[in-house]
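Heads up: the structure comes next, in structure tokens.
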Amino acid sequence: MTSLPSLHETPEHARLRDEIRRFARREIAPFAHAWEEANEFPRELYEKAARAGMLGVGYPEAYGGSGGDLSHMIAATEELIVGGTSVGTAVGLGSHAIALPPILNFGTEEQKKRFLPPVLAGEKIAALAITEPGGGSDVASLQTRAVKDGDHYVVTGAKTFITSGCRADFVTTAVRTGGEGHGGISLLVIERGTPGFSVGKKLAKMGWWASDTAELVFDGCRVPRENLIGEENTGFIPIMTNFAVERLLLAGNCVAIASLAYDEAVRYARERRAFGKPIMGFQVLRHKLADMATRIAAARALMNDVIARHLRGDMVTGLAAMAKNTATDACSFVCDEAVQIFGGHGYMRETLVERLYRDARLYPIGGGTRGIMNEIICKTEGY
Amino acid sequence: MKILVALKRVADPDNANKVKIPASGEKIDTTGLEWKPNPFDEYALEAALRLTENGTQPKVRAGEVVVVTFGPKETETTLRAALATGADRAIRVDASDDKLDGDLVARALKALVEKEKPDVVLMGKQAVDGDSNQVGQILAELLDWPMATFAATIREEAGALLVGREVDGGVSTLRVKLPAVVTVDLRIVAPTSVYSTKTPSTHKYNDGVRFAALPAIMAAKKKPLVEVKLADLAPDQALKVSYHGFAAPPARKAGIKVKDVSELVSKLKNEAKVL
């Protein structure tokens with residue numbers, strides 16, 4: 001029941017889900033544990049996923065995409081997570097979902113033609129870099145400077161917690177081209193191999209192990225001016241627009257992870273015996289599962305409502321923040337309970353719910369913390 | 001080349017525990033079952049697509065692939081999925097699952113083949129629900145066409161197919177002149193199993209059935225899908241197979257632990273009586 005698709009989904013969504021689940025079960029699930037333990041999945045998976053049409057979901061066919069909208073992207077990501085059982089792999093494969101929209105929505109035709117098709121074909125990896133070592137949530141005070149010098153910007157500064165940063169071929173990077181505050185921010189596409197751009201280090205994390213996360217360093221990095229997205233000093237709006245969609249994508253991740261943990265818990269409760277019967281035979285355990293199912297259903301219902309509103313063109317800034325908080329809370333709760341149901345086995349590294357529990361902890365932090373979501377809700381509520 | 005692929009939907013083998021048998025034992029209760037295409041039939045579709053293309057340009061079809069299924073309205077989901085995967089058009093023969101058997105399906109398919117005039121009829125070697133393994137063979141007999149069953153490899157030649165079949169001692173290779181009926185085994189979807197005359201022999205396919213991307217899924221909505229009445233294909237709908245009862249297999253008992261090998265041997269000999 002927790003995986004009932006939304007009422008706005010069509011038979012074509014169902015078919016897309018079938019295809020992606022089949023892909024994930026065949027190409028990811030058998031290797032999920034090994035890739036997570038190795039902190040990396042093979043780069044060729046990008047091309048495999050692209051050939052199967054997975055990477056292009058949500059992007060126009062004119063730029064090598066598969067068409068579809070946010071509802072297709074969220075359905076696809078859910079199946080990738082549930083079918084593949086490796087959250088790190090799914091988010092690594094999907095890092096372009098936050099790196100490309102600013103180019104797609106605010107870039108020139110030339111930039112779109114140059115940057116989108118190779119990523120959607122799985123030949124290049126794209127990342128988004130906003131957070132800095134000195135500050136994350138406070139986007140408007142970011143410090144990485146880009147100073148105009150002839151046909152180039154000279155970029156100096158550092159970015160951190162960048163998903164796919166180690167392997168990225170280009171990074172959509174937020175830089176300061178103007179004065180203080182949000183009015184001085186621009187977005188630059190910085191390509192691998194640009195002199196002065198280097199990966200500081202690969203970061204070791206609590207969860208999301210199969211995805212690489214990097215600290216990036218820009219030391220007098222010379223970026224051609226044609227890599228500026230939109231007008232100078234107007235980068236804050238694309239960043240904020242991107243965030244609403246990113247929050248719904250993250251809510252989608254949470255619903256998927258929670259469903260997966262719940263299914264694992266149900267399966268285990270039926271198999272595991274204690275005091276002479278399967279532990280599912282104990283009401284206290286069944287009620288735990290009932291609470292888990294309820295939280296997932298609620299998170300999914302709110303997320304689907306906000307997706308439907310977003311797709312018909314409503315401003316969903318506050319609702320998207322609510323959907324993210326509801327989903328991250330549900331996910332943390334469900335994964336914690338799943339570990340509890342598994343008992344000692346739930347604390348062991350070979351158990352899927354142990355890994356999901358660690359993966360879940362990212363979501364109230366990444367893509368805007370739980371507190372920042374509440375600030376957004378306060379603003380949209382008018383207090 | 002024109003290929004007719006017969007597809008059957010089956011209860012999702014991954015959810016076999018959802019199959020319920022009422023106490024009367026007169027039939028299988030299909031309410032609430034999740035349906036999937038029969039895997040062997042999906043392999044037949046993949047083989048048909050490989051035979052009607054240059055493998056390096058899988059979006060261009062050189063020939064026509066028509067898919068057909070027998071069943072109620074909701075079996076159109078199976079056909080739409082096949083259209084998304086690459087078939088050109090689909091036919092649903094309106095029928096009720098419990099009023100069909102291999103003989104009736106083969107007779108109806110014969111009438112359809114006479115109308116459609118395909119060069120090849122492809123299907124799975126059997127459906128994973130009833131495991132009857134009959135339709136292909138009966139159809140070839142009724143049409144008086146050459147037949148190759150359990151195909152593991154197919155190579156297109158001028159006017160013929162070279163079919164490799166895995167048998168106990170190795171591989172038996174048949175050359176069937178067209179038109180022909182071919183049923184396929186699971187290895188037909190391996191990377192080098194099927195070659196049309198257009199596909200370079202150096203080409204390797206991805207293992208398994210190809211994936212349908214979103215644009216193809218959307219385009220499949222507009223591909224032709226027609227409904228045909230079973231009575232128009234097979235006026236005589238009498239069944240040769242009748243079912244006298246259904247029973248679930250006995251529930252498995254929990255195992256026991258033995259102390260050592262000698263106890264194991266003694267139990268196998270005296271209790272299980274398998275030694």
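Simple scheme: letters A, B, ... for chains in structure tokens order, numbers from 1 for residues in each chain, numbers from 1 for ligands in the order shown.
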(message) Residues of chain A within 10 Å of chain B, counting only C-alpha atoms - could you list those as a VMD selection string?
(response) chain A and resid 11 to 16 18 to 20 22 to 23 26 48 to 58 61 65 to 68 72
(message) Using only C-alpha atoms, which protein or nucleic acid residues come within 9 Å of Lys20 of chain B? Drop anything in the same chain fewer than 3 positions from it, and give the result as a ChimeraX atom specification.
(response) /B:17,28-31,248
(request) Return the single residue from B:Ala234, B:Ala254, B:Val66, B:Ala158 that is closest to Ala48 of chain B, with distances computed using only C-alpha atoms. (result)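 Looking at the shortest contact to Ala48 of chain B, the residue is B:Val66.
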(message) as a PyMOL selection string, please: every residue in segment 110-326 of chain A that a backbone DSSP assignment puts in helix (DSSP H, G or I).
(response) chain A and resi 110-120+139-141+182-184+225-227+236-271+279-281+283-311+317-326
(request) Would you list the contacts of Ala158 of chain A as a list in words, taking every protein, DNA or RNA residue within 7 Å and counting only C-alpha atoms, but skipping same-chain residues closer than 5 positions in sequence? (result)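 So the residues in contact are Glu132, Pro133, Thr144, Leu216, Val217 and Phe218 of chain A.
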Residue contacts of Gly124 of chain B (12 Å, only C-alpha atoms) excluding same-chain residues fewer than 3 positions away, as an mmCIF file with N, CA, C and O atoms, in the first residue's frame:
```
data_model
loop_
_atom_site.group_PDB
_atom_site.id
_atom_site.type_symbol
_atom_site.label_atom_id
_atom_site.label_comp_id
_atom_site.auth_asym_id
_atom_site.auth_seq_id
_atom_site.Cartn_x
_atom_site.Cartn_y
_atom_site.Cartn_z
ATOM 1 N N VAL B 5 4.280 -11.700 -33.216
ATOM 2 C CA VAL B 5 4.722 -12.196 -31.911
ATOM 3 C C VAL B 5 3.501 -12.401 -31.019
ATOM 4 O O VAL B 5 2.713 -11.475 -30.824
ATOM 5 N N ALA B 6 3.352 -13.622 -30.522
ATOM 6 C CA ALA B 6 2.235 -13.900 -29.615
ATOM 7 C C ALA B 6 2.709 -13.704 -28.175
ATOM 8 O O ALA B 6 3.736 -14.242 -27.771
ATOM 9 N N LEU B 7 1.970 -12.873 -27.425
ATOM 10 C CA LEU B 7 2.346 -12.540 -26.051
ATOM 11 C C LEU B 7 1.240 -12.985 -25.114
ATOM 12 O O LEU B 7 0.064 -12.824 -25.418
ATOM 13 N N LYS B 8 1.618 -13.506 -23.969
ATOM 14 C CA LYS B 8 0.612 -13.836 -22.962
ATOM 15 C C LYS B 8 0.986 -13.111 -21.676
ATOM 16 O O LYS B 8 2.159 -13.006 -21.348
ATOM 17 N N ARG B 9 -0.018 -12.624 -20.963
ATOM 18 C CA ARG B 9 0.288 -12.078 -19.635
ATOM 19 C C ARG B 9 0.144 -13.220 -18.627
ATOM 20 O O ARG B 9 -0.688 -14.118 -18.799
ATOM 21 N N PRO B 37 4.118 -9.577 -18.428
ATOM 22 C CA PRO B 37 4.211 -10.376 -19.653
ATOM 23 C C PRO B 37 4.970 -11.668 -19.332
ATOM 24 O O PRO B 37 5.891 -11.653 -18.514
ATOM 25 N N ASN B 38 4.564 -12.760 -19.978
ATOM 26 C CA ASN B 38 5.301 -14.004 -19.835
ATOM 27 C C ASN B 38 6.752 -13.762 -20.272
ATOM 28 O O ASN B 38 6.987 -13.301 -21.393
ATOM 29 N N PRO B 39 7.740 -14.030 -19.415
ATOM 30 C CA PRO B 39 9.127 -13.691 -19.760
ATOM 31 C C PRO B 39 9.569 -14.267 -21.112
ATOM 32 O O PRO B 39 10.209 -13.566 -21.897
ATOM 33 N N PHE B 40 9.216 -15.508 -21.407
ATOM 34 C CA PHE B 40 9.653 -16.099 -22.681
ATOM 35 C C PHE B 40 9.050 -15.349 -23.878
ATOM 36 O O PHE B 40 9.668 -15.259 -24.939
ATOM 37 N N ASP B 41 7.832 -14.824 -23.698
ATOM 38 C CA ASP B 41 7.228 -14.046 -24.786
ATOM 39 C C ASP B 41 7.926 -12.696 -24.947
ATOM 40 O O ASP B 41 8.068 -12.183 -26.067
ATOM 41 N N GLU B 42 8.367 -12.115 -23.825
ATOM 42 C CA GLU B 42 9.153 -10.868 -23.924
ATOM 43 C C GLU B 42 10.441 -11.138 -24.696
ATOM 44 O O GLU B 42 10.894 -10.305 -25.476
ATOM 45 N N TYR B 43 11.028 -12.307 -24.451
ATOM 46 C CA TYR B 43 12.257 -12.656 -25.176
ATOM 47 C C TYR B 43 11.949 -12.800 -26.670
ATOM 48 O O TYR B 43 12.758 -12.436 -27.520
ATOM 49 N N ALA B 44 10.766 -13.359 -26.980
ATOM 50 C CA ALA B 44 10.376 -13.511 -28.387
ATOM 51 C C ALA B 44 10.250 -12.136 -29.044
ATOM 52 O O ALA B 44 10.676 -11.939 -30.188
ATOM 53 N N LEU B 45 9.683 -11.179 -28.292
ATOM 54 C CA LEU B 45 9.557 -9.816 -28.829
ATOM 55 C C LEU B 45 10.944 -9.223 -29.086
ATOM 56 O O LEU B 45 11.194 -8.628 -30.146
ATOM 57 N N GLU B 46 11.842 -9.380 -28.134
ATOM 58 C CA GLU B 46 13.208 -8.865 -28.313
ATOM 59 C C GLU B 46 13.845 -9.503 -29.549
ATOM 60 O O GLU B 46 14.480 -8.818 -30.354
ATOM 61 N N ALA B 47 13.663 -10.813 -29.714
ATOM 62 C CA ALA B 47 14.230 -11.497 -30.885
ATOM 63 C C ALA B 47 13.627 -10.940 -32.164
ATOM 64 O O ALA B 47 14.332 -10.723 -33.160
ATOM 65 N N ALA B 48 12.305 -10.676 -32.140
ATOM 66 C CA ALA B 48 11.635 -10.136 -33.334
ATOM 67 C C ALA B 48 12.194 -8.761 -33.683
ATOM 68 O O ALA B 48 12.416 -8.438 -34.853
ATOM 69 N N VAL B 121 6.277 -16.494 -37.225
ATOM 70 C CA VAL B 121 5.537 -16.328 -35.974
ATOM 71 C C VAL B 121 6.497 -16.687 -34.857
ATOM 72 O O VAL B 121 7.093 -17.761 -34.861
ATOM 73 N N ALA B 127 4.436 -20.593 -21.548
ATOM 74 C CA ALA B 127 4.088 -19.545 -20.597
ATOM 75 C C ALA B 127 4.396 -20.075 -19.206
ATOM 76 O O ALA B 127 4.202 -21.260 -18.942
ATOM 77 N N VAL B 128 4.883 -19.186 -18.328
ATOM 78 C CA VAL B 128 5.338 -19.661 -17.022
ATOM 79 C C VAL B 128 4.192 -19.891 -16.027
ATOM 80 O O VAL B 128 4.446 -20.248 -14.892
ATOM 81 N N ASP B 131 2.670 -23.588 -18.099
ATOM 82 C CA ASP B 131 3.789 -24.400 -18.584
ATOM 83 C C ASP B 131 3.347 -25.448 -19.616
ATOM 84 O O ASP B 131 3.918 -26.542 -19.674
ATOM 85 N N SER B 132 2.353 -25.124 -20.438
ATOM 86 C CA SER B 132 1.801 -26.139 -21.348
ATOM 87 C C SER B 132 2.747 -26.467 -22.498
ATOM 88 O O SER B 132 2.865 -27.613 -22.892
ATOM 89 N N ASN B 133 3.405 -25.435 -23.059
ATOM 90 C CA ASN B 133 4.350 -25.686 -24.151
ATOM 91 C C ASN B 133 3.654 -26.371 -25.312
ATOM 92 O O ASN B 133 4.032 -27.467 -25.721
ATOM 93 N N GLN B 134 2.589 -25.766 -25.827
ATOM 94 C CA GLN B 134 1.805 -26.415 -26.885
ATOM 95 C C GLN B 134 1.519 -25.524 -28.081
ATOM 96 O O GLN B 134 1.474 -26.020 -29.209
ATOM 97 N N VAL B 135 1.309 -24.216 -27.833
ATOM 98 C CA VAL B 135 0.705 -23.379 -28.877
ATOM 99 C C VAL B 135 1.569 -23.331 -30.141
ATOM 100 O O VAL B 135 1.059 -23.482 -31.249
ATOM 101 N N GLY B 136 2.863 -23.133 -29.969
ATOM 102 C CA GLY B 136 3.746 -23.038 -31.137
ATOM 103 C C GLY B 136 3.686 -24.291 -31.991
ATOM 104 O O GLY B 136 3.556 -24.222 -33.221
ATOM 105 N N GLN B 137 3.773 -25.420 -31.318
ATOM 106 C CA GLN B 137 3.796 -26.683 -32.039
ATOM 107 C C GLN B 137 2.471 -26.947 -32.759
ATOM 108 O O GLN B 137 2.447 -27.354 -33.930
ATOM 109 N N ALA B 148 10.722 -24.476 -35.410
ATOM 110 C CA ALA B 148 11.909 -24.694 -34.579
ATOM 111 C C ALA B 148 11.532 -24.267 -33.165
ATOM 112 O O ALA B 148 11.116 -23.130 -32.947
ATOM 113 N N THR B 149 11.642 -25.170 -32.217
ATOM 114 C CA THR B 149 11.260 -24.845 -30.836
ATOM 115 C C THR B 149 12.503 -24.579 -29.992
ATOM 116 O O THR B 149 13.608 -24.999 -30.338
ATOM 117 N N PHE B 150 12.317 -23.903 -28.868
ATOM 118 C CA PHE B 150 13.375 -23.661 -27.884
ATOM 119 C C PHE B 150 14.599 -23.006 -28.523
ATOM 120 O O PHE B 150 15.733 -23.406 -28.271
ATOM 121 N N ALA B 151 14.387 -22.015 -29.386
ATOM 122 C CA ALA B 151 15.524 -21.390 -30.073
ATOM 123 C C ALA B 151 16.410 -20.649 -29.074
ATOM 124 O O ALA B 151 15.933 -19.864 -28.251
ATOM 125 N N ALA B 152 17.714 -20.904 -29.132
ATOM 126 C CA ALA B 152 18.684 -20.172 -28.306
ATOM 127 C C ALA B 152 19.423 -19.148 -29.154
ATOM 128 O O ALA B 152 19.946 -18.162 -28.623
ATOM 129 N N VAL B 181 7.371 -21.127 -37.886
ATOM 130 C CA VAL B 181 7.038 -20.838 -36.486
ATOM 131 C C VAL B 181 8.278 -21.134 -35.647
ATOM 132 O O VAL B 181 8.883 -22.195 -35.791
ATOM 133 N N VAL B 182 8.663 -20.152 -34.797
ATOM 134 C CA VAL B 182 9.821 -20.360 -33.930
ATOM 135 C C VAL B 182 9.423 -20.025 -32.493
ATOM 136 O O VAL B 182 8.850 -18.964 -32.235
ATOM 137 N N THR B 183 9.712 -20.930 -31.555
ATOM 138 C CA THR B 183 9.526 -20.599 -30.133
ATOM 139 C C THR B 183 10.902 -20.462 -29.495
ATOM 140 O O THR B 183 11.844 -21.150 -29.882
ATOM 141 N N VAL B 184 11.022 -19.543 -28.532
ATOM 142 C CA VAL B 184 12.355 -19.173 -28.045
ATOM 143 C C VAL B 184 12.571 -19.566 -26.595
ATOM 144 O O VAL B 184 11.646 -19.598 -25.782
ATOM 145 N N ASP B 185 13.823 -19.837 -26.292
ATOM 146 C CA ASP B 185 14.265 -20.139 -24.940
ATOM 147 C C ASP B 185 14.949 -18.896 -24.361
ATOM 148 O O ASP B 185 15.128 -17.896 -25.062
ATOM 149 N N LEU B 186 15.409 -18.979 -23.090
ATOM 150 C CA LEU B 186 15.867 -17.749 -22.438
ATOM 151 C C LEU B 186 17.168 -17.185 -23.006
ATOM 152 O O LEU B 186 17.396 -15.991 -22.929
ATOM 153 N N ARG B 187 18.011 -18.035 -23.601
ATOM 154 C CA ARG B 187 19.292 -17.502 -24.059
ATOM 155 C C ARG B 187 19.191 -16.717 -25.367
ATOM 156 O O ARG B 187 20.177 -16.174 -25.848
ATOM 157 N N ILE B 188 17.989 -16.619 -25.906
ATOM 158 C CA ILE B 188 17.801 -15.869 -27.151
ATOM 159 C C ILE B 188 18.089 -14.366 -26.946
ATOM 160 O O ILE B 188 18.283 -13.637 -27.909
ATOM 161 N N VAL B 189 18.116 -13.908 -25.689
ATOM 162 C CA VAL B 189 18.378 -12.477 -25.435
ATOM 163 C C VAL B 189 19.819 -12.216 -25.006
ATOM 164 O O VAL B 189 20.150 -11.129 -24.541
#
```
(request) Do a neighbour search on Tyr59 of chain A at 10 Å with only C-alpha atoms, toss out local chain neighbours closer than 4 positions, and write the hits as a ChimeraX atom specification. (result) /A:55,63-70,73,97,100-101,104,116-117,120
(request) One decimal, Å: what's the distance from atom CA of Gly367 of chain A over to atom CA of Arg247 of chain A, could you say? (result) 6.4 Å
(message) So that I can see what lies close to Ala231 of chain B, please list as a list in words the residues with an atom at most 10 Å from it, counting only C-alpha atoms and leaving out residues fewer than 2 positions away in the same chain.
(response) Val93, Asp94, Ala95, Ala108, Val228, Lys229, Leu233, Ala234, Pro235, Asp236 and Gln237 of chain B
(request) Find the residues near Ser6 of chain A: any atom within 10 Å, counting only C-alpha atoms, skip ones fewer than 3 places away on the same chain, and give them as JSON, numbers by chain. (result) {"A": [3, 9, 10, 13, 71, 75, 300, 301, 303, 304, 305, 307, 308]}
Dump N, CA, C and O atoms for the selected residues as a PDB file, in the first residue's frame?
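Resulting contents of selection-v5.pdb:
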```
ATOM      1  N   SER A   3       3.348   1.882  -1.591  1.00  0.00           N
ATOM      2  CA  SER A   3       3.931   2.248  -2.884  1.00  0.00           C
ATOM      3  C   SER A   3       2.845   2.577  -3.903  1.00  0.00           C
ATOM      4  O   SER A   3       3.105   2.592  -5.092  1.00  0.00           O
ATOM      5  N   GLU A   9      -0.752  10.149 -11.792  1.00  0.00           N
ATOM      6  CA  GLU A   9       0.081   9.340 -12.681  1.00  0.00           C
ATOM      7  C   GLU A   9      -0.777   8.615 -13.720  1.00  0.00           C
ATOM      8  O   GLU A   9      -1.864   8.136 -13.428  1.00  0.00           O
ATOM      9  N   THR A  10      -0.238   8.543 -14.949  1.00  0.00           N
ATOM     10  CA  THR A  10      -0.943   7.953 -16.087  1.00  0.00           C
ATOM     11  C   THR A  10      -0.435   6.522 -16.296  1.00  0.00           C
ATOM     12  O   THR A  10       0.556   6.120 -15.676  1.00  0.00           O
ATOM     13  N   HIS A  13       3.190   6.608 -16.874  1.00  0.00           N
ATOM     14  CA  HIS A  13       4.049   6.629 -15.683  1.00  0.00           C
ATOM     15  C   HIS A  13       4.293   5.193 -15.212  1.00  0.00           C
ATOM     16  O   HIS A  13       5.406   4.829 -14.829  1.00  0.00           O
ATOM     17  N   SER A  71       6.938  14.982 -12.443  1.00  0.00           N
ATOM     18  CA  SER A  71       6.270  13.772 -11.950  1.00  0.00           C
ATOM     19  C   SER A  71       6.958  12.525 -12.503  1.00  0.00           C
ATOM     20  O   SER A  71       7.067  11.503 -11.813  1.00  0.00           O
ATOM     21  N   ALA A  75       8.955   9.720 -10.218  1.00  0.00           N
ATOM     22  CA  ALA A  75       8.604   8.300 -10.363  1.00  0.00           C
ATOM     23  C   ALA A  75       9.853   7.496 -10.724  1.00  0.00           C
ATOM     24  O   ALA A  75      10.102   6.417 -10.179  1.00  0.00           O
ATOM     25  N   ARG A 300       3.802  10.833   1.209  1.00  0.00           N
ATOM     26  CA  ARG A 300       3.584  10.667  -0.227  1.00  0.00           C
ATOM     27  C   ARG A 300       2.414  11.527  -0.700  1.00  0.00           C
ATOM     28  O   ARG A 300       2.475  12.157  -1.758  1.00  0.00           O
ATOM     29  N   ALA A 301       1.350  11.561   0.090  1.00  0.00           N
ATOM     30  CA  ALA A 301       0.165  12.328  -0.306  1.00  0.00           C
ATOM     31  C   ALA A 301       0.494  13.815  -0.416  1.00  0.00           C
ATOM     32  O   ALA A 301       0.120  14.478  -1.397  1.00  0.00           O
ATOM     33  N   MET A 303       3.491  15.189  -0.848  1.00  0.00           N
ATOM     34  CA  MET A 303       4.423  15.376  -1.961  1.00  0.00           C
ATOM     35  C   MET A 303       3.667  15.381  -3.289  1.00  0.00           C
ATOM     36  O   MET A 303       3.876  16.259  -4.127  1.00  0.00           O
ATOM     37  N   ASN A 304       2.776  14.421  -3.471  1.00  0.00           N
ATOM     38  CA  ASN A 304       2.042  14.335  -4.738  1.00  0.00           C
ATOM     39  C   ASN A 304       1.146  15.553  -4.942  1.00  0.00           C
ATOM     40  O   ASN A 304       1.001  16.043  -6.065  1.00  0.00           O
ATOM     41  N   ASP A 305       0.575  16.042  -3.875  1.00  0.00           N
ATOM     42  CA  ASP A 305      -0.256  17.241  -3.968  1.00  0.00           C
ATOM     43  C   ASP A 305       0.589  18.425  -4.452  1.00  0.00           C
ATOM     44  O   ASP A 305       0.178  19.177  -5.345  1.00  0.00           O
ATOM     45  N   ILE A 307       3.463  18.306  -6.084  1.00  0.00           N
ATOM     46  CA  ILE A 307       3.890  18.080  -7.475  1.00  0.00           C
ATOM     47  C   ILE A 307       2.782  18.519  -8.432  1.00  0.00           C
ATOM     48  O   ILE A 307       3.022  19.239  -9.403  1.00  0.00           O
ATOM     49  N   ALA A 308       1.553  18.097  -8.132  1.00  0.00           N
ATOM     50  CA  ALA A 308       0.427  18.440  -9.013  1.00  0.00           C
ATOM     51  C   ALA A 308       0.258  19.958  -9.100  1.00  0.00           C
ATOM     52  O   ALA A 308       0.033  20.507 -10.186  1.00  0.00           O
TER      53      ALA A 308
END
```
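Atom CA of Ser95 of chain A sits 26.3 Å away from atom CA of Asp263 of chain A.
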How close does each residue of segment 83-158 of chain A get to segment 194-200 of chain A, giving the shortest atom pair and distance in Å to one decimal for every residue with an atom at most 10 Å away, counting only C-alpha atoms, sorted by chain and residue number, as JSON lines?
```
{"residue": "A:Val154", "atom": "CA", "partner": "A:Gly196", "partner_atom": "CA", "distance": 9.2}
{"residue": "A:Val155", "atom": "CA", "partner": "A:Gly196", "partner_atom": "CA", "distance": 8.4}
{"residue": "A:Thr156", "atom": "CA", "partner": "A:Gly196", "partner_atom": "CA", "distance": 8.6}
{"residue": "A:Gly157", "atom": "CA", "partner": "A:Phe197", "partner_atom": "CA", "distance": 9.9}
{"residue": "A:Ala158", "atom": "CA", "partner": "A:Gly200", "partner_atom": "CA", "distance": 8.7}
```
Written file, previous selection with N, CA, C and O atoms, as a PDB file, in the first residue's frame:
```pdb
ATOM      1  N   VAL A 154      38.079  35.310 -13.207  1.00  0.00           N
ATOM      2  CA  VAL A 154      39.089  34.625 -12.402  1.00  0.00           C
ATOM      3  C   VAL A 154      38.434  34.265 -11.073  1.00  0.00           C
ATOM      4  O   VAL A 154      38.010  35.133 -10.311  1.00  0.00           O
ATOM      5  N   VAL A 155      38.298  32.959 -10.839  1.00  0.00           N
ATOM      6  CA  VAL A 155      37.520  32.480  -9.697  1.00  0.00           C
ATOM      7  C   VAL A 155      38.452  32.009  -8.589  1.00  0.00           C
ATOM      8  O   VAL A 155      39.393  31.244  -8.832  1.00  0.00           O
ATOM      9  N   THR A 156      38.181  32.484  -7.380  1.00  0.00           N
ATOM     10  CA  THR A 156      38.983  32.087  -6.220  1.00  0.00           C
ATOM     11  C   THR A 156      38.056  31.768  -5.057  1.00  0.00           C
ATOM     12  O   THR A 156      37.175  32.572  -4.722  1.00  0.00           O
ATOM     13  N   GLY A 157      38.241  30.584  -4.483  1.00  0.00           N
ATOM     14  CA  GLY A 157      37.411  30.195  -3.357  1.00  0.00           C
ATOM     15  C   GLY A 157      37.308  28.682  -3.280  1.00  0.00           C
ATOM     16  O   GLY A 157      38.084  27.963  -3.915  1.00  0.00           O
ATOM     17  N   ALA A 158      36.358  28.188  -2.481  1.00  0.00           N
ATOM     18  CA  ALA A 158      36.215  26.737  -2.325  1.00  0.00           C
ATOM     19  C   ALA A 158      34.749  26.387  -2.131  1.00  0.00           C
ATOM     20  O   ALA A 158      33.939  27.192  -1.663  1.00  0.00           O
TER      21      ALA A 158
END
```
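For the pair atom CA of Glu157 of chain B and atom CA of Leu143 of chain B, the separation is 21.8 Å.
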(request) Using DSSP on the backbone, list every residue of segment 194-346 of chain A that comes out as strand (DSSP E or B), and give them as a ChimeraX atom specification. (result) /A:197-202,213-224,228-229,273-274,277-278
